[in-house]
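Presented below is the structure to which this report refers.
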Amino acid sequence: MKTTLLIKEIYLEGFRNLGHYLLKNYLKVFAWFSFLLVAVGLYALVFRMLTGFAFD
């Protein structure tokens, strides 16, 4: 739980005091899109490992 709160605080601190409204929202969308891509990649890797895919 403490790790989750620290990640949340780092996320909020990263977007605090950014100037322009559009830039701020663009970076938030880009950050969530990046988190989504990492999650999909991890899911694909774990799925392949559990189904016995040969990594030749």
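Residue numbers start at 1 in each chain; chains themselves are named A, B, ... in the order of the structure tokens; ligands are numbered from 1 in the order shown.
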Practice task
Would you mind listing what lies within 8 Å of Lys28 in chain A as an MDAnalysis selection string, with only C-alpha atoms counted and same-chain residues fewer than 4 positions away left out?
Solution key: chainID A and resid 15 24 32
Exercise for the section: Name the residues of chain A that fall into helix (DSSP H, G or I) according to DSSP on the backbone, using the chain letters and numbers of this document, as an MDAnalysis selection string. Expected result: chainID A and resid 2:15 21:50
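When CA of Gly19 in chain A is paired with CA of Thr3 in chain A, their separation reads 28.3 Å.
Distance-wise, CA of Leu42 in chain A and CA of Phe30 in chain A end up 18.4 Å apart.
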